[in-house]
Each structure stands twice: as structure tokens, then as C-alpha cells.
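Q: The structure is given below, and queries will be raised subsequently.
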Amino acid sequence: MQTKRQKYETLRGQLDLERSSFTAHWRDLSDYILPRRSRFTLSDVNRGERKNKNIIDSTATLAARTLRSGMMAGITSPARPWFRLTTPDPEMAEFGPVRGWLDQVQNRMTTSYLRSNLYNILPIAYGDLGVFGTAPMFIEEDFTGEVLHTQSFPIGSYMIGKDAKGKVNTFFREFRMTVRQVVEMFGAYGPDGQPKWDNFSIYVRDMYLRGEYESWIDVCHVIAPNNDYNPNKLFAKHKKFLSCYYERGMSGKNSYLGTDDMEKYLRESGYDYFPVLCPRWETTGEDVYGTSCPGMEALGDIKQLQHGEKRIMEAVDKMIRPPMTGPTSLRNQTASILPGDITYVDATSGQGFRPAIELNFNVQNMEMKQNQVRQRIQRAFYEDLFLMLANSDRRQITAREIDERHEEKLLALGPVLEQLNQDLLDPLTDIAFDIHVRQGLVPPPPPELEGVDLKIEYVSIMAQAQKMIGIAGVDRFTGFVGQLAQFDPGALDKIKSDKVIDVYADMTSVPPSIVRSDEEVSAIRESRAQIQQQANAMAMAQSGAQTAQTLSQTPVGDDGSSALNAIVGEA
């Protein structure tokens, strides 16, 4: 029988073995693109020495920055709505009370996102996703007014596992905290104001009492499916996922943890949801980590670019400061190739002071080759998509050409966006909605939504751009029918104009508040019909009165009787 600590350590060893084959590749990606976004050893924390020694040309780093910024602005921009709550039934979503409730909940969630640190962490996650292919993000409930709190993790500091459906459901992280941070985060205080040491090792207690607050402590955090899960019990140990923080180390000669400290845990809790969102750019088969991303695809070009830049600078240096040869008489004399200096050579020696090689290196041709490599790197990071208009040097370009070029680029990025929705944005919205419900920030829903699952629609710039591909078809269809109606007005009977408006508004993601619901439209049309009916009745009454007056003034007999009298008498 294993103890709880031994089970966690066994899990850590298994996950570390699965991760080991990716580590060398991640190191290369970090060294050549993002040197500061990796942490492969615990001692890497708070190290300020230079780490970009392998980077001579920063094209890849700048392209990764463009990808990160473009995904942030195009998918989850804090400056505009990027998601919308709706129902699977479009007609129900158009119902006035339902639409008003959905709009209110969406606004409250948007406000919570702005107040939290979500928009600080998302760009980091997008950058890691594009370079390393995997970018886990931790999200948990916050009770200090921010509603939710998120955190990103450097590559190499975590390990993940997945379930039978390919979804990540296990997370293990190793990191460092200072003694002060450990006591502040996991400590409880007694009536005397002093920390309780029940959950801490003797080592942490002694350092804190000695005032060594900034010493580093190795900590492990594991989140995994709970074998004791019981939905009918409310205790944390019966939650769907267990969560445990503990000091890393095993008892023994080289460890600071004694035997009595091995079953002490900094915090044991649980979650009803898996709190780690783990988007992956692309996976292959049963692989747990992302196996393809722009950084991985461009790594060969990136290395070629750095190698080429190094050789170019060596060639230029040899042309400017070439290696020299001279007679043996100069062995003990000063020789110089500095501008303005003179090196005296005995003419009788038969050999002057001259370059050892005559290098005729064509830098321009090499730069053309390097530019081709740079362009491949930029295309791999979709820089041509995100900076398409900014980099265009054409003065005249039609709107139709812009749409076609957008369509071509978005078709290549479409699968990535779908994967991102499934792994990141969908669970993010679900978790945030549940947190708002638990904190009482969601008003009671209308009765029509009883037992109805909500649906998430994305209305970001990228999502809209993809929808614009379908809008082009709607525009062409309605334009064709409009032209046909000039010859045959009956062609308009074939179009459901209300439905066209709803579809077009949905594709363009206009705010629901500016489009009237079907009930409002029916009421307006009914009121307009009643007004028109009353106007017709009044017009008919007025026309009848004028006719009667005319008949009364028209004589038809010798006795002077009018036509109206004759009609009435006949009746």
C-alpha cells in the first residue's frame, strides 16, 4: 500500500517520463525564439543573466510577437465583444425576455473579464501556443472582487495527462516560492497572531522563525481525477478533481524533509471542474503535448537564418579586417592594419605585409537568400495574415480583393481557431459562467430557459472574418434577386426578408439590442395594419358622404326631387 505522498511522486515520475522526449525540442525553441519563457529546472527562477545568445537575427522573435498580438486582438480583444450567449433554438433566442437576460449575463461576464487579470495572461498563452504548441492556463474563483483569477506557466515547469477522449485532465507542476510566500499562501494563524505550523515542515518553520523569509522552497502542485469522487457530498475531498500542494522532497540523507514531514501537505482541496485550460495548437494521435505549431514548423529556417547571419558577419569581418601575412623579420616588430598606421617592411625580404587571402564575398546575394528565409519564418507565424494591410505597398486595392485575400488566409488558420475554441474559449466561458452563478452575479433566468442548455457564439474579429465568407454568398444572392425583380416583381415573393435580416445580423455580429425581436416586429406590423384599416374606413366614410351630398344636389324630376330622394324612395 502506497501512502498519499508516494502516489503523487509515482504520478510525477510517470508524467515526467512522458514529457522527457519533448524537452530537447522545447529547449531549442526557447533558445532561438523565446529564451525567457522556459523553466526546465527549479533553479531557473529569478535568473537575470542574458539568455538570448543564440539569437543574432530577431525575425522569429518579432514574428512570434506579431502572432501573439494578432491572436489577442483578433480572437479575444478586450476593446470589443468577442463572445455571445445564445440558445440552440434561434427563435427562442429572439424572444424578448430571453434575449434581454442573455445580454445582461454577457455584459456582467465581460465586466468581470476586464476587472480580472485574464487579458494580461491570454497574450502570454497565445505566445506559448504559437512557439511551443502547448499553453496551459490556470483559472480559479476569486473572492476579492475580481470574480476569477488566471495564471500562466513557463514551458518545462509543468506536466499534463489526458483522459480517454483526449482531453487534458491531469496537471502536475513544480515551482519555487519563498518562505514568506509559502506561509502567506498556505498558513493559518492562531489567536496569538502567530502562524500554525501543522502543514509545514520543520525546515520552513525554522527558517521563518530565524527571519530567512526570502529563502526558496520547492513546491509541487497536483490536480488529477479524484478516485473518491461523490457528487452527493459537499466536502472538498469528494470533489471531481483533487488538488494538493506539498513541499517537494523525499526523506533521506540529501533532503531537508524528515520522515515526520512526509505526510504533511500545504493545502488539500478539490474542484468541481478541471481548472487548467490547456490549448494545444495541433496534436498527433495519442500525443499529450502539442506536436505542431508555427515555432516547430519554422525551427529549421530559424536555425538557418542564425547560421547565415553568423557566416555573413564573419565574411564581412574578414574583408574589413583580413588575416595578414608578412616576412619573418616582422616577428618581433609591431604590425598593424588600422587606418593611418604604418608597418615597415624590408624591401629585400621579397615579401610584403599583405592579406593572406583575397576574399571577394557577395553580401548582396547572401542577403537575398536570407530574406527568403525570413519570409518563410514570417509566413509560418501568419505574419502575412495579421499584417496583411499594414505591409501592403499598393495604393489602390478593391474591397473585393481584400475579402478574397482574407478568405484565403483564414482558410489556413480555420482549424487552429476551432481547436482553440474547444480547448480554451469554450471551457473558459463555461467556468466563468458557473463562477458567476455561485457568486450570485447572474439574475434569475426567465421560465422559458428552464432546462435549456446555453450556446456560445464567438463574435471576435477573426470569427467575423470567417463568417464574412458566408456573407458574400448572401450578398450575391440578394443582389441577383433584386436585379431579377426589375423584370419580374414576383421574384421578391421567394425571399423571406425577415429571415435574411436575422441571418445577416448574426453573420455580422451586430449587437442584439439594435435588432427587434419577432414579437416586437409582429406587434408593430399589427399596429400598422390597424392604423391602415382605420384610415381606409375613414376614407370610405368620407367618400360616401361626398357621394350623398352630390346626389342630394342633383335634381331628377319635375317636382324638384333629388337623386338621393329617388334612391331612398326606391329602397
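By convention here, the chains of the C-alpha cells are called A, B, ... in the order presented, each chain's residues are numbered starting at 1, and ligands are numbered starting at 1 in the order presented.
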Could you pull the residues within 8 Å of stretch 228-242 of chain A, counting only C-alpha atoms, minus those fewer than 5 positions along the same chain, as a short mmCIF file (atom, residue, chain, number, x, y, z; two decimals) with N, CA and C atoms, in the first residue's frame?

A:
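For reference, around03.cif as written:
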```cif
data_model
loop_
_atom_site.label_atom_id
_atom_site.label_comp_id
_atom_site.auth_asym_id
_atom_site.auth_seq_id
_atom_site.Cartn_x
_atom_site.Cartn_y
_atom_site.Cartn_z
N VAL A 222 -0.41 19.20 -7.65
CA VAL A 222 -1.01 18.16 -8.49
C VAL A 222 -2.51 18.37 -8.53
N ILE A 223 -3.07 18.28 -9.74
CA ILE A 223 -4.51 18.28 -9.96
C ILE A 223 -4.83 17.07 -10.82
N GLU A 268 -4.86 20.81 0.81
CA GLU A 268 -5.61 19.78 0.10
C GLU A 268 -7.03 20.30 -0.14
N SER A 269 -7.43 20.30 -1.39
CA SER A 269 -8.75 20.81 -1.74
C SER A 269 -9.23 20.07 -2.99
N GLY A 270 -10.25 20.61 -3.65
CA GLY A 270 -10.78 19.96 -4.84
C GLY A 270 -11.57 20.94 -5.69
N TYR A 271 -11.90 20.50 -6.89
CA TYR A 271 -12.64 21.32 -7.84
C TYR A 271 -13.77 20.50 -8.47
N ASP A 272 -14.87 21.18 -8.72
CA ASP A 272 -15.96 20.54 -9.47
C ASP A 272 -15.66 20.53 -10.97
N TYR A 273 -14.73 21.34 -11.40
CA TYR A 273 -14.32 21.44 -12.80
C TYR A 273 -12.80 21.31 -12.86
N PHE A 274 -12.29 20.99 -14.04
CA PHE A 274 -10.83 20.93 -14.20
C PHE A 274 -10.33 22.35 -14.42
#
```

Q: Which of stretch 182-275 of chain A counts as strand (DSSP E) under DSSP, as a PDB file with all heavy atoms, in the first residue's frame please?

A:
```pdb
ATOM      1  N   TRP A 216      14.349  30.028  -0.750  1.00  0.00           N
ATOM      2  CA  TRP A 216      13.471  29.345  -1.697  1.00  0.00           C
ATOM      3  C   TRP A 216      13.053  27.978  -1.180  1.00  0.00           C
ATOM      4  O   TRP A 216      13.858  27.244  -0.601  1.00  0.00           O
ATOM      5  CB  TRP A 216      14.163  29.181  -3.054  1.00  0.00           C
ATOM      6  CG  TRP A 216      14.392  30.479  -3.774  1.00  0.00           C
ATOM      7  CD1 TRP A 216      15.572  31.128  -3.931  1.00  0.00           C
ATOM      8  CD2 TRP A 216      13.407  31.275  -4.421  1.00  0.00           C
ATOM      9  NE1 TRP A 216      15.395  32.291  -4.630  1.00  0.00           N
ATOM     10  CE2 TRP A 216      14.072  32.412  -4.953  1.00  0.00           C
ATOM     11  CE3 TRP A 216      12.037  31.170  -4.611  1.00  0.00           C
ATOM     12  CZ2 TRP A 216      13.408  33.411  -5.653  1.00  0.00           C
ATOM     13  CZ3 TRP A 216      11.365  32.163  -5.308  1.00  0.00           C
ATOM     14  CH2 TRP A 216      12.050  33.266  -5.818  1.00  0.00           C
ATOM     15  N   ILE A 217      11.778  27.647  -1.433  1.00  0.00           N
ATOM     16  CA  ILE A 217      11.208  26.351  -1.062  1.00  0.00           C
ATOM     17  C   ILE A 217      10.641  25.713  -2.333  1.00  0.00           C
ATOM     18  O   ILE A 217       9.897  26.359  -3.083  1.00  0.00           O
ATOM     19  CB  ILE A 217      10.096  26.499  -0.011  1.00  0.00           C
ATOM     20  CG1 ILE A 217      10.644  27.177   1.239  1.00  0.00           C
ATOM     21  CG2 ILE A 217       9.489  25.143   0.336  1.00  0.00           C
ATOM     22  CD1 ILE A 217      11.716  26.389   1.942  1.00  0.00           C
ATOM     23  N   ASP A 218      10.970  24.460  -2.594  1.00  0.00           N
ATOM     24  CA  ASP A 218      10.442  23.736  -3.747  1.00  0.00           C
ATOM     25  C   ASP A 218       9.049  23.198  -3.412  1.00  0.00           C
ATOM     26  O   ASP A 218       8.870  22.526  -2.381  1.00  0.00           O
ATOM     27  CB  ASP A 218      11.361  22.583  -4.126  1.00  0.00           C
ATOM     28  CG  ASP A 218      12.736  23.062  -4.558  1.00  0.00           C
ATOM     29  OD1 ASP A 218      12.867  24.258  -4.856  1.00  0.00           O
ATOM     30  OD2 ASP A 218      13.676  22.244  -4.594  1.00  0.00           O
ATOM     31  N   VAL A 219       8.092  23.493  -4.298  1.00  0.00           N
ATOM     32  CA  VAL A 219       6.693  23.133  -4.061  1.00  0.00           C
ATOM     33  C   VAL A 219       6.173  22.357  -5.264  1.00  0.00           C
ATOM     34  O   VAL A 219       6.540  22.647  -6.420  1.00  0.00           O
ATOM     35  CB  VAL A 219       5.824  24.392  -3.820  1.00  0.00           C
ATOM     36  CG1 VAL A 219       4.361  24.016  -3.612  1.00  0.00           C
ATOM     37  CG2 VAL A 219       6.350  25.168  -2.616  1.00  0.00           C
ATOM     38  N   CYS A 220       5.332  21.372  -5.011  1.00  0.00           N
ATOM     39  CA  CYS A 220       4.644  20.617  -6.058  1.00  0.00           C
ATOM     40  C   CYS A 220       3.138  20.863  -5.956  1.00  0.00           C
ATOM     41  O   CYS A 220       2.602  20.999  -4.849  1.00  0.00           O
ATOM     42  CB  CYS A 220       4.921  19.114  -5.933  1.00  0.00           C
ATOM     43  SG  CYS A 220       6.632  18.642  -6.247  1.00  0.00           S
ATOM     44  N   HIS A 221       2.490  20.920  -7.097  1.00  0.00           N
ATOM     45  CA  HIS A 221       1.035  21.065  -7.145  1.00  0.00           C
ATOM     46  C   HIS A 221       0.491  20.036  -8.123  1.00  0.00           C
ATOM     47  O   HIS A 221       0.884  20.016  -9.289  1.00  0.00           O
ATOM     48  CB  HIS A 221       0.642  22.483  -7.592  1.00  0.00           C
ATOM     49  CG  HIS A 221      -0.839  22.704  -7.606  1.00  0.00           C
ATOM     50  ND1 HIS A 221      -1.439  23.696  -8.361  1.00  0.00           N
ATOM     51  CD2 HIS A 221      -1.854  22.068  -6.951  1.00  0.00           C
ATOM     52  CE1 HIS A 221      -2.749  23.659  -8.179  1.00  0.00           C
ATOM     53  NE2 HIS A 221      -3.027  22.676  -7.323  1.00  0.00           N
ATOM     54  N   VAL A 222      -0.413  19.198  -7.650  1.00  0.00           N
ATOM     55  CA  VAL A 222      -1.008  18.165  -8.485  1.00  0.00           C
ATOM     56  C   VAL A 222      -2.514  18.369  -8.532  1.00  0.00           C
ATOM     57  O   VAL A 222      -3.155  18.650  -7.518  1.00  0.00           O
ATOM     58  CB  VAL A 222      -0.657  16.755  -7.949  1.00  0.00           C
ATOM     59  CG1 VAL A 222      -1.086  16.584  -6.496  1.00  0.00           C
ATOM     60  CG2 VAL A 222      -1.310  15.689  -8.812  1.00  0.00           C
ATOM     61  N   ILE A 223      -3.070  18.276  -9.741  1.00  0.00           N
ATOM     62  CA  ILE A 223      -4.514  18.284  -9.963  1.00  0.00           C
ATOM     63  C   ILE A 223      -4.830  17.067 -10.820  1.00  0.00           C
ATOM     64  O   ILE A 223      -4.277  16.916 -11.915  1.00  0.00           O
ATOM     65  CB  ILE A 223      -4.984  19.566 -10.679  1.00  0.00           C
ATOM     66  CG1 ILE A 223      -4.562  20.805  -9.895  1.00  0.00           C
ATOM     67  CG2 ILE A 223      -6.493  19.560 -10.888  1.00  0.00           C
ATOM     68  CD1 ILE A 223      -4.862  22.111 -10.613  1.00  0.00           C
ATOM     69  N   ALA A 224      -5.691  16.203 -10.326  1.00  0.00           N
ATOM     70  CA  ALA A 224      -5.954  14.938 -11.014  1.00  0.00           C
ATOM     71  C   ALA A 224      -7.369  14.471 -10.701  1.00  0.00           C
ATOM     72  O   ALA A 224      -7.995  14.946  -9.740  1.00  0.00           O
ATOM     73  CB  ALA A 224      -4.940  13.881 -10.588  1.00  0.00           C
ATOM     74  N   PRO A 225      -7.916  13.555 -11.497  1.00  0.00           N
ATOM     75  CA  PRO A 225      -9.232  12.996 -11.181  1.00  0.00           C
ATOM     76  C   PRO A 225      -9.230  12.355  -9.800  1.00  0.00           C
ATOM     77  O   PRO A 225      -8.264  11.692  -9.402  1.00  0.00           O
ATOM     78  CB  PRO A 225      -9.446  11.959 -12.285  1.00  0.00           C
ATOM     79  CG  PRO A 225      -8.585  12.420 -13.416  1.00  0.00           C
ATOM     80  CD  PRO A 225      -7.391  13.052 -12.782  1.00  0.00           C
ATOM     81  N   PHE A 241     -12.278  16.659  -9.004  1.00  0.00           N
ATOM     82  CA  PHE A 241     -10.824  16.705  -9.191  1.00  0.00           C
ATOM     83  C   PHE A 241     -10.177  17.082  -7.866  1.00  0.00           C
ATOM     84  O   PHE A 241     -10.622  18.023  -7.196  1.00  0.00           O
ATOM     85  CB  PHE A 241     -10.432  17.720 -10.270  1.00  0.00           C
ATOM     86  CG  PHE A 241     -10.916  17.361 -11.645  1.00  0.00           C
ATOM     87  CD1 PHE A 241     -12.129  17.854 -12.114  1.00  0.00           C
ATOM     88  CD2 PHE A 241     -10.180  16.536 -12.471  1.00  0.00           C
ATOM     89  CE1 PHE A 241     -12.584  17.526 -13.382  1.00  0.00           C
ATOM     90  CE2 PHE A 241     -10.627  16.200 -13.723  1.00  0.00           C
ATOM     91  CZ  PHE A 241     -11.837  16.690 -14.182  1.00  0.00           C
ATOM     92  N   LEU A 242      -9.141  16.356  -7.489  1.00  0.00           N
ATOM     93  CA  LEU A 242      -8.402  16.672  -6.277  1.00  0.00           C
ATOM     94  C   LEU A 242      -7.292  17.668  -6.593  1.00  0.00           C
ATOM     95  O   LEU A 242      -6.768  17.717  -7.717  1.00  0.00           O
ATOM     96  CB  LEU A 242      -7.829  15.408  -5.645  1.00  0.00           C
ATOM     97  CG  LEU A 242      -6.798  14.581  -6.447  1.00  0.00           C
ATOM     98  CD1 LEU A 242      -5.376  15.101  -6.236  1.00  0.00           C
ATOM     99  CD2 LEU A 242      -6.869  13.120  -6.047  1.00  0.00           C
ATOM    100  N   SER A 243      -6.937  18.448  -5.587  1.00  0.00           N
ATOM    101  CA  SER A 243      -5.857  19.421  -5.717  1.00  0.00           C
ATOM    102  C   SER A 243      -5.028  19.367  -4.449  1.00  0.00           C
ATOM    103  O   SER A 243      -5.574  19.420  -3.337  1.00  0.00           O
ATOM    104  CB  SER A 243      -6.423  20.828  -5.932  1.00  0.00           C
ATOM    105  OG  SER A 243      -5.392  21.795  -5.903  1.00  0.00           O
ATOM    106  N   CYS A 244      -3.719  19.278  -4.616  1.00  0.00           N
ATOM    107  CA  CYS A 244      -2.855  19.151  -3.446  1.00  0.00           C
ATOM    108  C   CYS A 244      -1.534  19.888  -3.690  1.00  0.00           C
ATOM    109  O   CYS A 244      -0.885  19.694  -4.726  1.00  0.00           O
ATOM    110  CB  CYS A 244      -2.576  17.685  -3.126  1.00  0.00           C
ATOM    111  SG  CYS A 244      -1.542  17.447  -1.655  1.00  0.00           S
ATOM    112  N   TYR A 245      -1.159  20.749  -2.740  1.00  0.00           N
ATOM    113  CA  TYR A 245       0.152  21.393  -2.718  1.00  0.00           C
ATOM    114  C   TYR A 245       0.975  20.725  -1.612  1.00  0.00           C
ATOM    115  O   TYR A 245       0.476  20.514  -0.499  1.00  0.00           O
ATOM    116  CB  TYR A 245       0.037  22.884  -2.393  1.00  0.00           C
ATOM    117  CG  TYR A 245      -0.600  23.732  -3.470  1.00  0.00           C
ATOM    118  CD1 TYR A 245      -1.978  23.893  -3.525  1.00  0.00           C
ATOM    119  CD2 TYR A 245       0.179  24.401  -4.407  1.00  0.00           C
ATOM    120  CE1 TYR A 245      -2.569  24.693  -4.489  1.00  0.00           C
ATOM    121  CE2 TYR A 245      -0.393  25.214  -5.378  1.00  0.00           C
ATOM    122  CZ  TYR A 245      -1.774  25.348  -5.418  1.00  0.00           C
ATOM    123  OH  TYR A 245      -2.355  26.144  -6.368  1.00  0.00           O
ATOM    124  N   TYR A 246       2.239  20.428  -1.914  1.00  0.00           N
ATOM    125  CA  TYR A 246       3.110  19.884  -0.880  1.00  0.00           C
ATOM    126  C   TYR A 246       4.553  20.255  -1.184  1.00  0.00           C
ATOM    127  O   TYR A 246       4.913  20.562  -2.329  1.00  0.00           O
ATOM    128  CB  TYR A 246       2.952  18.369  -0.746  1.00  0.00           C
ATOM    129  CG  TYR A 246       3.342  17.565  -1.971  1.00  0.00           C
ATOM    130  CD1 TYR A 246       4.641  17.086  -2.142  1.00  0.00           C
ATOM    131  CD2 TYR A 246       2.401  17.260  -2.959  1.00  0.00           C
ATOM    132  CE1 TYR A 246       4.996  16.336  -3.252  1.00  0.00           C
ATOM    133  CE2 TYR A 246       2.742  16.510  -4.069  1.00  0.00           C
ATOM    134  CZ  TYR A 246       4.042  16.048  -4.212  1.00  0.00           C
ATOM    135  OH  TYR A 246       4.386  15.314  -5.321  1.00  0.00           O
ATOM    136  N   GLU A 247       5.359  20.244  -0.123  1.00  0.00           N
ATOM    137  CA  GLU A 247       6.783  20.552  -0.290  1.00  0.00           C
ATOM    138  C   GLU A 247       7.475  19.381  -0.978  1.00  0.00           C
ATOM    139  O   GLU A 247       7.287  18.224  -0.601  1.00  0.00           O
ATOM    140  CB  GLU A 247       7.427  20.816   1.071  1.00  0.00           C
ATOM    141  CG  GLU A 247       6.866  22.031   1.784  1.00  0.00           C
ATOM    142  CD  GLU A 247       7.518  22.224   3.127  1.00  0.00           C
ATOM    143  OE1 GLU A 247       8.763  22.149   3.197  1.00  0.00           O
ATOM    144  OE2 GLU A 247       6.788  22.425   4.114  1.00  0.00           O
ATOM    145  N   ARG A 267      -1.738  22.291   1.266  1.00  0.00           N
ATOM    146  CA  ARG A 267      -3.181  22.506   1.083  1.00  0.00           C
ATOM    147  C   ARG A 267      -3.755  21.337   0.304  1.00  0.00           C
ATOM    148  O   ARG A 267      -3.216  20.941  -0.727  1.00  0.00           O
ATOM    149  CB  ARG A 267      -3.466  23.800   0.322  1.00  0.00           C
ATOM    150  CG  ARG A 267      -4.961  24.036   0.050  1.00  0.00           C
ATOM    151  CD  ARG A 267      -5.169  25.250  -0.834  1.00  0.00           C
ATOM    152  NE  ARG A 267      -4.745  26.458  -0.147  1.00  0.00           N
ATOM    153  CZ  ARG A 267      -4.561  27.631  -0.772  1.00  0.00           C
ATOM    154  NH1 ARG A 267      -4.742  27.705  -2.086  1.00  0.00           N
ATOM    155  NH2 ARG A 267      -4.180  28.694  -0.094  1.00  0.00           N
ATOM    156  N   GLU A 268      -4.864  20.811   0.808  1.00  0.00           N
ATOM    157  CA  GLU A 268      -5.615  19.783   0.102  1.00  0.00           C
ATOM    158  C   GLU A 268      -7.025  20.302  -0.137  1.00  0.00           C
ATOM    159  O   GLU A 268      -7.706  20.711   0.805  1.00  0.00           O
ATOM    160  CB  GLU A 268      -5.666  18.489   0.926  1.00  0.00           C
ATOM    161  CG  GLU A 268      -4.335  17.779   1.046  1.00  0.00           C
ATOM    162  CD  GLU A 268      -4.449  16.459   1.778  1.00  0.00           C
ATOM    163  OE1 GLU A 268      -4.563  16.492   3.031  1.00  0.00           O
ATOM    164  OE2 GLU A 268      -4.442  15.397   1.125  1.00  0.00           O
ATOM    165  N   SER A 269      -7.426  20.299  -1.394  1.00  0.00           N
ATOM    166  CA  SER A 269      -8.750  20.805  -1.743  1.00  0.00           C
ATOM    167  C   SER A 269      -9.231  20.068  -2.986  1.00  0.00           C
ATOM    168  O   SER A 269      -8.684  19.020  -3.349  1.00  0.00           O
ATOM    169  CB  SER A 269      -8.703  22.323  -1.986  1.00  0.00           C
ATOM    170  OG  SER A 269      -7.791  22.633  -3.044  1.00  0.00           O
ATOM    171  N   GLY A 270     -10.251  20.613  -3.645  1.00  0.00           N
ATOM    172  CA  GLY A 270     -10.783  19.965  -4.837  1.00  0.00           C
ATOM    173  C   GLY A 270     -11.566  20.941  -5.690  1.00  0.00           C
ATOM    174  O   GLY A 270     -11.851  22.076  -5.275  1.00  0.00           O
ATOM    175  N   TYR A 271     -11.904  20.496  -6.891  1.00  0.00           N
ATOM    176  CA  TYR A 271     -12.636  21.324  -7.843  1.00  0.00           C
ATOM    177  C   TYR A 271     -13.765  20.502  -8.466  1.00  0.00           C
ATOM    178  O   TYR A 271     -13.609  19.299  -8.713  1.00  0.00           O
ATOM    179  CB  TYR A 271     -11.721  21.826  -8.966  1.00  0.00           C
ATOM    180  CG  TYR A 271     -10.635  22.777  -8.511  1.00  0.00           C
ATOM    181  CD1 TYR A 271      -9.376  22.294  -8.171  1.00  0.00           C
ATOM    182  CD2 TYR A 271     -10.858  24.141  -8.444  1.00  0.00           C
ATOM    183  CE1 TYR A 271      -8.368  23.152  -7.752  1.00  0.00           C
ATOM    184  CE2 TYR A 271      -9.863  25.012  -8.029  1.00  0.00           C
ATOM    185  CZ  TYR A 271      -8.622  24.511  -7.692  1.00  0.00           C
ATOM    186  OH  TYR A 271      -7.632  25.370  -7.282  1.00  0.00           O
TER     187      TYR A 271
END
```

Q: I want to know what sits within 8 Å of A:Ser215, based on only C-alpha atoms, with residues of the same chain fewer than 6 positions away left out; could you give that as a ChimeraX atom specification?

A: /A:178-179,207

Q: Once DSSP has gone over the backbone, tell me which residues of stretch 28-156 of chain A are in helix (DSSP H, G or I), as a PyMOL selection string.

A: chain A and resi 28-32+42-44+59-75+90-93+96-115+118-132

Q: Which residues come within 8 Å of stretch 427-435 of chain A, counting only C-alpha atoms, excluding same-chain residues fewer than 3 positions away, as an MDAnalysis selection string?

A: chainID A and resid 109 141 147:148 273 277 422:424 438:439

Q: Could the residues in this selection be saved with N, CA, C and O atoms as a tab-separated table (two decimals), in the first residue's frame?

A:
```
chain	number	residue	atom	x	y	z
A	109	MET	N	-20.37	39.21	-17.43
A	109	MET	CA	-19.17	38.41	-17.62
A	109	MET	C	-18.08	39.24	-18.28
A	109	MET	O	-16.89	39.13	-17.92
A	141	GLU	N	-11.66	30.56	-8.90
A	141	GLU	CA	-12.56	31.59	-8.37
A	141	GLU	C	-11.81	32.53	-7.46
A	141	GLU	O	-10.91	32.14	-6.71
A	147	VAL	N	-13.69	38.26	-9.17
A	147	VAL	CA	-14.54	37.14	-9.57
A	147	VAL	C	-13.71	35.92	-9.96
A	147	VAL	O	-13.96	34.81	-9.52
A	148	LEU	N	-12.70	36.11	-10.83
A	148	LEU	CA	-11.85	34.99	-11.24
A	148	LEU	C	-10.41	35.47	-11.37
A	148	LEU	O	-10.14	36.66	-11.54
A	273	TYR	N	-14.73	21.34	-11.40
A	273	TYR	CA	-14.32	21.44	-12.80
A	273	TYR	C	-12.80	21.31	-12.86
A	273	TYR	O	-12.11	21.49	-11.87
A	277	LEU	N	-6.97	25.15	-18.19
A	277	LEU	CA	-7.30	25.18	-19.61
A	277	LEU	C	-6.02	24.92	-20.39
A	277	LEU	O	-5.02	25.64	-20.20
A	422	GLN	N	-12.32	24.92	-28.75
A	422	GLN	CA	-12.63	23.71	-27.99
A	422	GLN	C	-11.78	23.59	-26.73
A	422	GLN	O	-12.28	23.19	-25.67
A	423	ASP	N	-10.49	23.93	-26.82
A	423	ASP	CA	-9.58	23.71	-25.69
A	423	ASP	C	-9.49	24.89	-24.73
A	423	ASP	O	-9.15	24.70	-23.55
A	424	LEU	N	-9.80	26.11	-25.20
A	424	LEU	CA	-9.58	27.29	-24.36
A	424	LEU	C	-10.85	28.10	-24.13
A	424	LEU	O	-11.30	28.27	-22.99
A	438	ARG	N	-22.39	30.92	-8.90
A	438	ARG	CA	-22.12	30.63	-7.50
A	438	ARG	C	-22.03	31.91	-6.67
A	438	ARG	O	-22.41	31.92	-5.50
A	439	GLN	N	-21.52	32.98	-7.25
A	439	GLN	CA	-21.38	34.23	-6.51
A	439	GLN	C	-22.62	35.10	-6.59
A	439	GLN	O	-22.61	36.24	-6.11
```

Q: Which residue, A:Leu85, A:Ala315, A:Ala485, A:Val98, has the smallest gap to A:Pro447 when you use only C-alpha atoms?

A: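 Looking only at the distances to A:Pro447, the closest residue turns out to be A:Val98.
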